[in-house]
>>> print(open('coords.txt').read())   # compact mmCIF, C-alpha atoms
# COMPACT_ATOMS: atom_id res chain seq x y z
CA MET A 16 -53.46 101.80 -23.60
CA MET A 17 -51.50 102.06 -20.36
CA GLU A 18 -54.71 101.64 -18.40
CA THR A 19 -55.56 98.40 -20.25
CA ILE A 20 -52.06 97.02 -19.67
CA MET A 21 -52.30 97.76 -15.95
CA VAL A 22 -55.73 96.13 -15.69
CA LEU A 23 -54.50 93.04 -17.55
CA PHE A 24 -51.39 92.93 -15.39
CA ILE A 25 -53.40 93.00 -12.16
CA PHE A 26 -55.85 90.49 -13.58
CA PHE A 27 -53.06 88.04 -14.41
CA ILE A 28 -51.48 88.56 -10.98
CA LEU A 29 -54.82 87.64 -9.41
CA VAL A 30 -55.14 84.56 -11.64
CA VAL A 31 -51.58 83.42 -10.78
CA MET A 32 -52.25 83.95 -7.06
CA GLY A 33 -55.43 81.89 -7.39
CA PHE A 34 -53.56 79.06 -9.09
CA VAL A 35 -50.81 79.08 -6.46
CA PHE A 36 -53.41 78.92 -3.68
CA TYR A 37 -55.32 76.16 -5.45
CA ALA A 38 -52.14 74.13 -6.04
CA LYS A 39 -51.21 74.47 -2.36
CA ILE A 40 -54.63 73.28 -1.23
CA LEU A 41 -54.57 70.42 -3.74
CA LYS A 42 -51.15 69.34 -2.47
CA GLY A 43 -52.41 69.41 1.14
CA ASN A 44 -55.44 67.31 0.17
CA LEU A 45 -53.26 64.77 -1.62
CA GLU A 46 -51.01 64.44 1.40
CA GLN A 47 -54.07 63.97 3.60
CA GLN A 48 -55.41 61.27 1.27
CA LYS A 49 -52.02 59.56 1.25
CA GLU A 50 -51.91 59.56 5.06
CA GLU A 51 -55.44 58.12 5.22
CA SER A 52 -54.53 55.44 2.69
CA ILE A 53 -51.42 54.50 4.73
CA GLN A 54 -53.54 54.22 7.86
CA LEU A 55 -56.11 52.05 6.09
CA ASN A 56 -53.27 49.88 4.79
CA ALA A 57 -51.93 49.45 8.31
CA ILE A 58 -55.39 48.46 9.58
CA GLU A 59 -55.80 46.01 6.70
CA VAL A 60 -52.48 44.29 7.44
CA ALA A 61 -53.26 44.18 11.18
CA GLN A 62 -56.67 42.60 10.53
CA ARG A 63 -55.20 40.08 8.09
CA ALA A 64 -52.51 39.15 10.60
CA SER A 65 -54.93 38.75 13.49
CA SER A 66 -57.26 36.53 11.48
CA LEU A 67 -54.74 34.26 9.77
CA PRO A 68 -56.26 30.76 9.50
CA GLU A 69 -52.78 29.41 10.26
CA LEU A 70 -53.14 30.75 13.83
CA GLN A 71 -56.86 30.82 14.65
CA CYS A 72 -58.29 28.75 17.47
CA SER A 73 -60.95 26.31 16.39
CA GLU A 74 -62.97 23.56 17.96
CA ASP A 75 -65.00 21.12 15.87
CA ASN A 76 -64.32 23.35 12.89
CA ILE A 77 -65.85 26.33 14.68
CA VAL A 78 -63.47 29.29 14.70
CA SER A 79 -63.24 31.47 17.81
CA ASP A 80 -62.55 35.13 17.22
CA ASN A 81 -59.67 37.03 18.71
CA CYS A 82 -57.79 33.88 19.69
CA ILE A 83 -54.49 32.28 18.69
CA ASP A 84 -53.75 28.62 19.18
CA LEU A 85 -50.33 28.36 20.84
CA LEU A 86 -49.43 25.10 19.08
CA LYS A 87 -50.30 26.61 15.71
CA LEU A 88 -48.36 29.74 16.63
CA GLU A 89 -45.19 27.81 17.38
CA ALA A 90 -45.44 25.92 14.10
CA ALA A 91 -46.44 28.95 12.04
CA SER A 92 -43.62 31.16 13.35
CA GLU A 93 -41.10 28.84 11.69
CA ILE A 94 -43.05 28.20 8.50
CA MET A 95 -44.01 31.83 7.90
CA GLN A 96 -40.45 33.08 8.29
CA GLN A 97 -39.23 30.44 5.83
CA ASN A 98 -41.94 31.39 3.31
CA ASP A 99 -41.92 35.15 3.69
CA VAL A 100 -42.18 35.66 -0.09
CA TYR A 101 -45.52 33.84 -0.10
CA TYR A 102 -46.86 35.98 2.76
CA TYR A 103 -45.54 39.23 1.29
CA ASP A 104 -48.73 39.71 -0.77
CA ARG A 105 -50.79 39.76 2.40
CA LEU A 106 -48.49 41.21 4.99
CA LEU A 107 -46.29 43.54 2.89
CA PHE A 108 -43.12 44.95 4.47
CA SER A 109 -43.88 44.33 8.10
CA LYS A 110 -42.84 42.64 11.32
CA ILE A 111 -45.41 40.67 13.26
CA THR A 112 -44.70 39.56 16.80
CA VAL A 113 -46.86 37.94 19.45
CA ASN A 114 -46.09 38.65 23.11
CA GLU A 115 -47.52 36.84 26.06
CA ILE A 116 -48.16 39.37 28.84
CA TYR A 117 -49.95 37.30 31.49
CA PRO A 118 -49.40 34.88 33.22
CA ASP A 119 -45.93 34.35 31.66
CA ASN A 120 -43.76 36.43 29.39
CA ASN A 121 -42.91 34.97 26.01
CA GLU A 122 -42.32 36.29 22.53
CA TRP A 123 -42.81 34.77 19.09
CA ILE A 124 -41.70 36.40 15.86
CA LEU A 125 -44.22 35.40 13.25
CA TYR A 126 -43.18 37.25 10.13
CA ILE A 127 -40.33 39.61 9.45
CA ARG A 128 -39.70 41.43 6.19
CA PRO A 129 -38.55 44.95 7.03
CA LEU A 130 -37.40 47.68 4.67
CA ASP A 131 -33.75 48.69 4.94
CA GLU A 132 -34.63 52.34 4.44
CA PHE A 133 -38.11 53.37 5.49
CA SER A 134 -39.71 56.79 5.87
CA ASN A 135 -42.40 55.77 8.30
CA LYS A 136 -43.31 52.86 10.57
CA ILE A 137 -46.87 52.30 11.79
CA THR A 138 -47.31 50.09 14.83
CA THR A 139 -50.64 48.50 15.70
CA ASN A 140 -51.17 46.55 18.91
CA ILE A 141 -53.99 44.04 19.12
CA PRO A 142 -54.87 42.35 22.41
CA ILE A 143 -55.39 38.67 21.69
CA SER A 144 -56.07 35.52 23.65
CA LEU A 145 -53.42 32.77 23.50
CA PHE A 146 -55.03 29.38 23.91
CA ASN A 147 -53.02 26.37 25.07
CA PRO A 148 -55.07 23.35 23.94
CA ILE A 149 -52.97 20.88 25.97
CA GLU A 150 -53.56 22.55 29.34
CA ASN A 151 -56.85 24.16 28.22
CA LYS A 152 -55.66 27.55 29.47
CA ASN A 153 -55.88 31.03 28.01
CA SER A 154 -53.16 33.64 28.32
CA PHE A 155 -53.30 37.38 27.71
CA GLY A 156 -51.26 38.27 24.63
CA ILE A 157 -50.55 41.18 22.34
CA MET A 158 -50.03 40.92 18.62
CA THR A 159 -47.82 43.75 17.38
CA VAL A 160 -47.91 44.61 13.69
CA GLU A 161 -45.21 47.02 12.52
CA LEU A 162 -45.73 48.19 8.93
CA PHE A 163 -42.76 49.75 7.17
CA LEU A 164 -43.33 52.40 4.53
CA LYS A 165 -40.98 53.71 1.84
CA MET B 9 -94.98 142.26 -59.44
CA LYS B 10 -93.44 139.41 -61.22
CA SER B 11 -90.11 140.28 -59.91
CA ARG B 12 -91.62 140.78 -56.58
CA THR B 13 -93.25 137.56 -56.86
CA ARG B 14 -90.02 136.15 -58.05
CA GLU B 15 -88.28 137.90 -55.22
CA ASN B 16 -91.00 136.73 -53.01
CA GLN B 17 -90.65 133.31 -54.49
CA LYS B 18 -86.96 133.64 -54.15
CA PHE B 19 -87.44 134.71 -50.68
CA SER B 20 -89.73 131.90 -50.06
CA VAL B 21 -87.19 129.57 -51.62
CA ASN B 22 -84.54 131.03 -49.41
CA GLU B 23 -86.80 130.68 -46.47
CA LYS B 24 -87.39 127.08 -47.42
CA THR B 25 -83.69 126.35 -47.75
CA SER B 26 -82.96 128.06 -44.47
CA LYS B 27 -85.77 126.08 -42.89
CA LYS B 28 -84.40 122.97 -44.49
CA PHE B 29 -80.98 123.92 -43.28
CA SER B 30 -82.17 124.50 -39.76
CA VAL B 31 -84.00 121.14 -39.77
CA SER B 32 -80.96 119.33 -41.09
CA LYS B 33 -78.79 121.09 -38.48
CA LYS B 34 -81.20 119.98 -35.79
CA LEU B 35 -81.15 116.48 -37.12
CA GLN B 36 -77.43 116.54 -37.37
CA ARG B 37 -77.17 117.79 -33.78
CA ASN B 38 -79.57 115.13 -32.70
CA PHE B 39 -77.67 112.51 -34.63
CA LEU B 40 -74.33 113.61 -33.21
CA GLY B 41 -75.81 113.70 -29.72
CA SER B 42 -77.17 110.22 -30.04
CA ARG B 43 -73.85 109.00 -31.40
CA LYS B 44 -72.08 110.58 -28.45
CA PHE B 45 -74.63 109.02 -26.13
CA THR B 46 -74.20 105.61 -27.78
CA LYS B 47 -70.44 105.97 -27.46
CA PHE B 48 -70.76 106.84 -23.77
CA SER B 49 -73.28 104.12 -23.04
CA ARG B 50 -71.10 101.55 -24.82
CA LYS B 51 -68.10 102.59 -22.73
CA SER B 52 -70.07 102.40 -19.49
CA GLN B 53 -71.47 99.02 -20.50
CA THR B 54 -67.93 97.73 -21.05
CA GLU B 55 -66.90 99.07 -17.67
CA ILE B 56 -69.88 97.44 -15.99
CA ILE B 57 -69.02 94.12 -17.64
CA GLY B 58 -65.45 94.50 -16.37
CA LEU B 59 -66.74 95.19 -12.89
CA ALA B 60 -69.08 92.22 -13.10
CA ILE B 61 -66.16 89.96 -14.13
CA VAL B 62 -64.12 91.22 -11.17
CA VAL B 63 -67.04 90.55 -8.81
CA VAL B 64 -67.56 87.06 -10.27
CA LEU B 65 -63.84 86.31 -9.88
CA LEU B 66 -63.93 87.54 -6.29
CA ILE B 67 -66.98 85.38 -5.53
CA ILE B 68 -65.30 82.32 -7.05
CA GLY B 69 -62.14 83.04 -5.06
CA MET B 70 -64.08 83.49 -1.83
CA THR B 71 -66.02 80.26 -2.48
CA PHE B 72 -62.74 78.39 -2.86
CA VAL B 73 -61.26 79.97 0.27
CA ILE B 74 -64.38 79.19 2.34
CA ARG B 75 -64.60 75.68 0.92
CA PHE B 76 -61.02 74.87 1.85
CA MET B 77 -61.25 76.65 5.19
CA LEU B 78 -64.28 74.58 6.10
CA ALA B 79 -62.68 71.43 4.71
CA LYS B 80 -63.21 68.39 6.91
CA GLU B 81 -60.59 67.48 9.47
CA PRO B 82 -58.37 64.56 8.49
CA VAL B 83 -59.88 61.32 9.76
CA ASP B 84 -57.58 59.31 11.99
CA TYR B 85 -58.80 55.88 10.92
CA LYS B 86 -56.05 54.03 12.76
CA LYS B 87 -56.76 55.75 16.07
CA GLN B 88 -60.48 55.05 15.76
CA PHE B 89 -59.86 51.42 14.84
CA THR B 90 -57.23 50.90 17.53
CA GLN B 91 -59.34 52.42 20.29
CA ALA B 92 -62.47 50.49 19.37
CA GLU B 93 -60.50 47.27 18.97
CA ILE B 94 -58.53 47.78 22.17
CA ALA B 95 -61.57 48.51 24.34
CA SER B 96 -63.34 45.39 23.13
CA ASN B 97 -60.39 43.00 22.83
CA MET B 98 -58.76 44.00 26.12
CA LEU B 99 -61.90 43.14 28.09
CA ASN B 100 -62.64 40.00 26.11
CA THR B 101 -59.08 38.69 26.43
CA PHE B 102 -58.74 39.68 30.08
CA LEU B 103 -61.95 37.93 31.09
CA LYS B 104 -60.91 34.76 29.23
CA SER B 105 -57.42 34.67 30.79
CA THR B 106 -56.59 31.88 33.20
CA SER B 107 -55.13 32.96 36.53
CA LYS B 108 -51.49 32.26 37.33
CA ASP B 109 -52.00 30.85 40.83
CA CYS B 110 -55.68 30.74 41.70
CA ASN B 111 -56.81 27.16 41.12
CA GLY B 112 -56.70 27.61 37.32
CA LEU B 113 -59.78 29.83 37.41
CA THR B 114 -60.46 32.40 34.73
CA MET B 115 -60.96 36.10 35.47
CA THR B 116 -64.67 35.73 34.65
CA GLU B 117 -65.03 33.00 37.31
CA LEU B 118 -63.10 35.08 39.85
CA LEU B 119 -65.29 38.12 39.18
CA GLN B 120 -68.42 35.96 39.42
CA ASP B 121 -67.32 34.89 42.87
CA CYS B 122 -66.34 38.45 43.73
CA GLY B 123 -69.84 39.68 42.89
CA HIS B 124 -71.60 36.90 44.79
CA SER B 125 -70.13 34.97 47.74
CA LYS B 126 -66.42 35.98 47.85
CA SER B 127 -65.67 32.42 48.96
CA ILE B 128 -62.61 31.73 46.78
CA LEU B 129 -59.21 32.08 48.39
CA CYS B 130 -56.26 31.98 45.98
CA GLU B 131 -52.89 30.32 46.56
CA ASN B 132 -51.34 33.63 47.63
CA ASN B 133 -54.12 34.06 50.25
CA GLN B 134 -55.85 36.75 48.25
CA GLY B 135 -59.61 36.85 47.81
CA SER B 136 -61.19 36.70 44.35
CA CYS B 137 -61.82 40.47 44.20
CA ASP B 138 -58.26 41.42 45.16
CA TYR B 139 -56.78 38.81 42.84
CA ALA B 140 -58.82 40.02 39.86
CA GLU B 141 -57.95 43.63 40.62
CA GLU B 142 -54.22 42.89 40.92
CA THR B 143 -54.22 40.91 37.70
CA ALA B 144 -56.03 43.72 35.86
CA ARG B 145 -53.48 46.21 37.23
CA GLU B 146 -50.59 44.01 36.04
CA VAL B 147 -52.09 43.55 32.57
CA PHE B 148 -52.98 47.21 32.06
CA SER B 149 -49.63 48.48 33.32
CA ASN B 150 -47.92 46.28 30.70
CA THR B 151 -50.19 47.39 27.88
CA LEU B 152 -52.26 50.60 28.03
CA ASP B 153 -49.80 52.41 30.33
CA ILE B 154 -46.89 51.59 28.01
CA TRP B 155 -48.88 52.73 24.95
CA ASN B 156 -49.69 56.01 26.76
CA LEU B 157 -53.43 55.47 26.53
CA ASP B 158 -55.62 56.87 29.29
CA TYR B 159 -58.35 54.56 30.50
CA GLU B 160 -60.83 53.78 33.23
CA PHE B 161 -61.52 50.18 34.14
CA LYS B 162 -64.14 49.24 36.68
CA ALA B 163 -66.13 46.29 37.94
CA PHE B 164 -69.49 47.05 39.50
CA GLN B 165 -72.97 45.85 40.22
CA GLN B 166 -74.18 49.39 40.75
CA GLU B 167 -72.14 51.99 38.91
CA GLU B 168 -72.23 54.42 41.85
CA SER B 169 -70.40 51.95 44.12
CA PRO B 170 -67.84 50.03 42.04
CA ILE B 171 -66.03 46.99 43.48
CA PHE B 172 -62.74 48.34 42.12
CA THR B 173 -61.59 51.01 39.68
CA LEU B 174 -58.33 51.38 37.79
CA GLY B 175 -57.17 54.45 35.87
CA SER B 176 -59.05 57.74 35.86
CA PRO B 177 -62.30 58.94 34.24
CA CYS B 178 -62.02 60.20 30.67
CA PRO B 179 -62.37 64.00 30.47
CA ALA B 180 -63.76 64.04 26.92
CA SER B 181 -64.42 61.48 24.20
CA LYS B 182 -63.92 57.77 24.83
CA LYS B 183 -64.48 54.33 23.38
CA SER B 184 -66.35 52.23 25.86
CA LYS B 185 -67.08 48.53 26.23
CA THR B 186 -69.13 46.81 28.93
CA PHE B 187 -69.34 43.07 29.57
CA PRO B 188 -72.11 41.70 31.81
CA ILE B 189 -71.23 38.71 33.98
CA PRO B 190 -74.16 36.87 35.57
CA THR B 191 -73.65 36.06 39.28
CA GLY B 192 -75.80 34.46 42.00
CA SER B 193 -76.81 37.89 43.24
CA GLY B 194 -77.49 39.90 40.11
CA THR B 195 -75.31 40.92 37.21
CA LEU B 196 -71.79 42.20 37.62
CA PHE B 197 -70.58 44.59 34.93
CA VAL B 198 -67.02 45.04 33.79
CA LYS B 199 -66.45 48.29 31.90
CA LEU B 200 -63.42 49.67 30.09
CA ASP B 201 -63.28 53.23 28.76
CA VAL B 202 -60.36 54.07 26.49
CA CYS B 203 -59.94 57.86 26.34
CA GLY B 204 -59.19 59.95 23.27
>>> encode(input="coords.txt", output="C-alpha cells")
Amino acid sequence: MMETIMVLFIFFILVVMGFVFYAKILKGNLEQQKEESIQLNAIEVAQRASSLPELQCSEDNIVSDNCIDLLKLEAASEIMQQNDVYYYDRLLFSKITVNEIYPDNNEWILYIRPLDEFSNKITTNIPISLFNPIENKNSFGIMTVELFLK
Amino acid sequence: MKSRTRENQKFSVNEKTSKKFSVSKKLQRNFLGSRKFTKFSRKSQTEIIGLAIVVVLLIIGMTFVIRFMLAKEPVDYKKQFTQAEIASNMLNTFLKSTSKDCNGLTMTELLQDCGHSKSILCENNQGSCDYAEETAREVFSNTLDIWNLDYEFKAFQQEESPIFTLGSPCPASKKSKTFPIPTGSGTLFVKLDVCG
C-alpha cells in the first residue's frame, strides 16, 4: 500500500513538473509571438506612411516610389493633423515626422497621436527623397515613424 | 481364499485409492504451482507495464525538452526590413539628391563625371569626386552614424581600387545594394553594405 502511494506521489510530482515546464515554454512562445506581431505592426505602419497617396510624387499620373512631393507634404502636414481621427485606422498611435537632411535642414510633423502612457515605442527610419516640383530639385530626407504601444 | 481375495481386493482397492490420492496430490501440486506461477507472472507483467509507462513518459518529456531547446530563434522582422530598406533607399535617395552648390547637379551626374573625365569644378572649387565623397560623408554621418549602424560605402569601377570608401568592411552578415552608373569610360558602381 505504502509502495503504491509513493509511486503515485512521484508520478504526480513528475506530471506537475512537466506541466510547469510546458506552461513556461508556452508563455515564452506567446511573448515571442507578441514581439513578432508588434514588429510586423511597426513595419506595416511605416510602409503605409511612406506610401501615402497624399504625399507621393507623381508625374502624368505615374507614381515614383520612395519619393515625397514637398508641396503635398506641406499641405498634408496641416490636413493630417486636423483629421487625426480619420488617419488613426491606418497609422494607429504614432508620430510621423519628415526631416530634410541634405542640402538643408527642415522638419515637418505629419501626424501625431501619441499614447499618454506607453510601454514600448518602436522607431523606424526610412530614407526618402523630397522632391521640390517648383525648382525641380531632390533633397535627401528621412521619414521617422514612432509607434507607441500600450 | 475369498477373504484373501477380498483382502486382496481390499488391498487392491486401497492401492487404487492411494494411487488416486497420489495422482490427485500431484495434480494439486501442479495446480498450485501453476497458480503461483500465474500469480508471479501477473505481478511481473504489471511491473513491466509500469516500467514501460515510465519509459514512455520519459521519452515524451525528452521530446518536449529537445523540441523546445531546438526551437527556432526569434525572427527580428523589423531589423531585417529596416536593413534591407535602408541599404536600398539610402543609395537611391542619395544618388537622386541635388547638390547644394555644384551647378544644381545630382550625385549621379557628379559620379558619372568622377568616373569619366573629372572635368566638373564645383562652386567651392572641389572636383566632382571630392564633392560627391564629402556629400556622402555628410549624409551618412547624419543618418547611419546616429542610428549606430555600421556600414561600408564605396564607389568603384574596379572593386580592388575604389575611387572612395566610407565606413569599414562588415565583419559578418550584411545587407548589400549596388547601383551601376554608366559613364563614358565603363560602368561606375556605387555599393552600400549595411552590417548586422
>>> interface_residues(input="coords.txt", of="chain B", to="chain A", cutoff="7 Å", atoms="only C-alpha atoms", output="PyMOL selection string")
chain B and resi 82+85-86+94+97-98+101-102+104-108+147
>>> closest_residue(input="coords.txt", among="B:Val83, B:Thr173, B:Cys137, B:Ala95", to="Ser125 of chain B", atoms="all atoms listed in the file")
B:Cys137
>>> residues_around(input="coords.txt", residues="Phe187 of chain B", least_positions_apart="6", cutoff="8 Å", atoms="all atoms listed in the file", output="PDB file with C-alpha atoms, in the coordinates of the input")
ATOM      1  CA  LEU B  99     -61.900  43.140  28.090  1.00  0.00           C
ATOM      2  CA  PHE B 197     -70.580  44.590  34.930  1.00  0.00           C
ATOM      3  CA  VAL B 198     -67.020  45.040  33.790  1.00  0.00           C
ATOM      4  CA  LYS B 199     -66.450  48.290  31.900  1.00  0.00           C
TER       5      LYS B 199
END
>>> residues_around(input="coords.txt", residues="segment 94-103 of chain A", least_positions_apart="5", cutoff="10 Å", atoms="only C-alpha atoms", output="list in words")
Glu69, Leu88, Glu89, Phe108, Ser109, Ile124, Leu125, Tyr126, Ile127 and Arg128 of chain A
>>> residues_around(input="coords.txt", residues="Phe163 of chain A", least_positions_apart="2", cutoff="8 Å", atoms="only C-alpha atoms", output="PDB file with C-alpha atoms, in the frame of the given file")
ATOM      1  CA  PHE A 108     -43.120  44.950   4.470  1.00  0.00           C
ATOM      2  CA  SER A 109     -43.880  44.330   8.100  1.00  0.00           C
ATOM      3  CA  PRO A 129     -38.550  44.950   7.030  1.00  0.00           C
ATOM      4  CA  LEU A 130     -37.400  47.680   4.670  1.00  0.00           C
ATOM      5  CA  PHE A 133     -38.110  53.370   5.490  1.00  0.00           C
ATOM      6  CA  SER A 134     -39.710  56.790   5.870  1.00  0.00           C
ATOM      7  CA  ASN A 135     -42.400  55.770   8.300  1.00  0.00           C
ATOM      8  CA  LYS A 136     -43.310  52.860  10.570  1.00  0.00           C
ATOM      9  CA  ILE A 137     -46.870  52.300  11.790  1.00  0.00           C
ATOM     10  CA  GLU A 161     -45.210  47.020  12.520  1.00  0.00           C
ATOM     11  CA  LYS A 165     -40.980  53.710   1.840  1.00  0.00           C
TER      12      LYS A 165
END
>>> atom_distance(input="coords.txt", atom1="atom CA of Lys182 of chain B", atom2="atom CA of Leu118 of chain B")
27.2 Å
>>> closest_residue(input="coords.txt", among="B:Leu196, B:Ile56, B:Val202, B:Cys110", to="Lys87 of chain B", atoms="only C-alpha atoms")
B:Val202
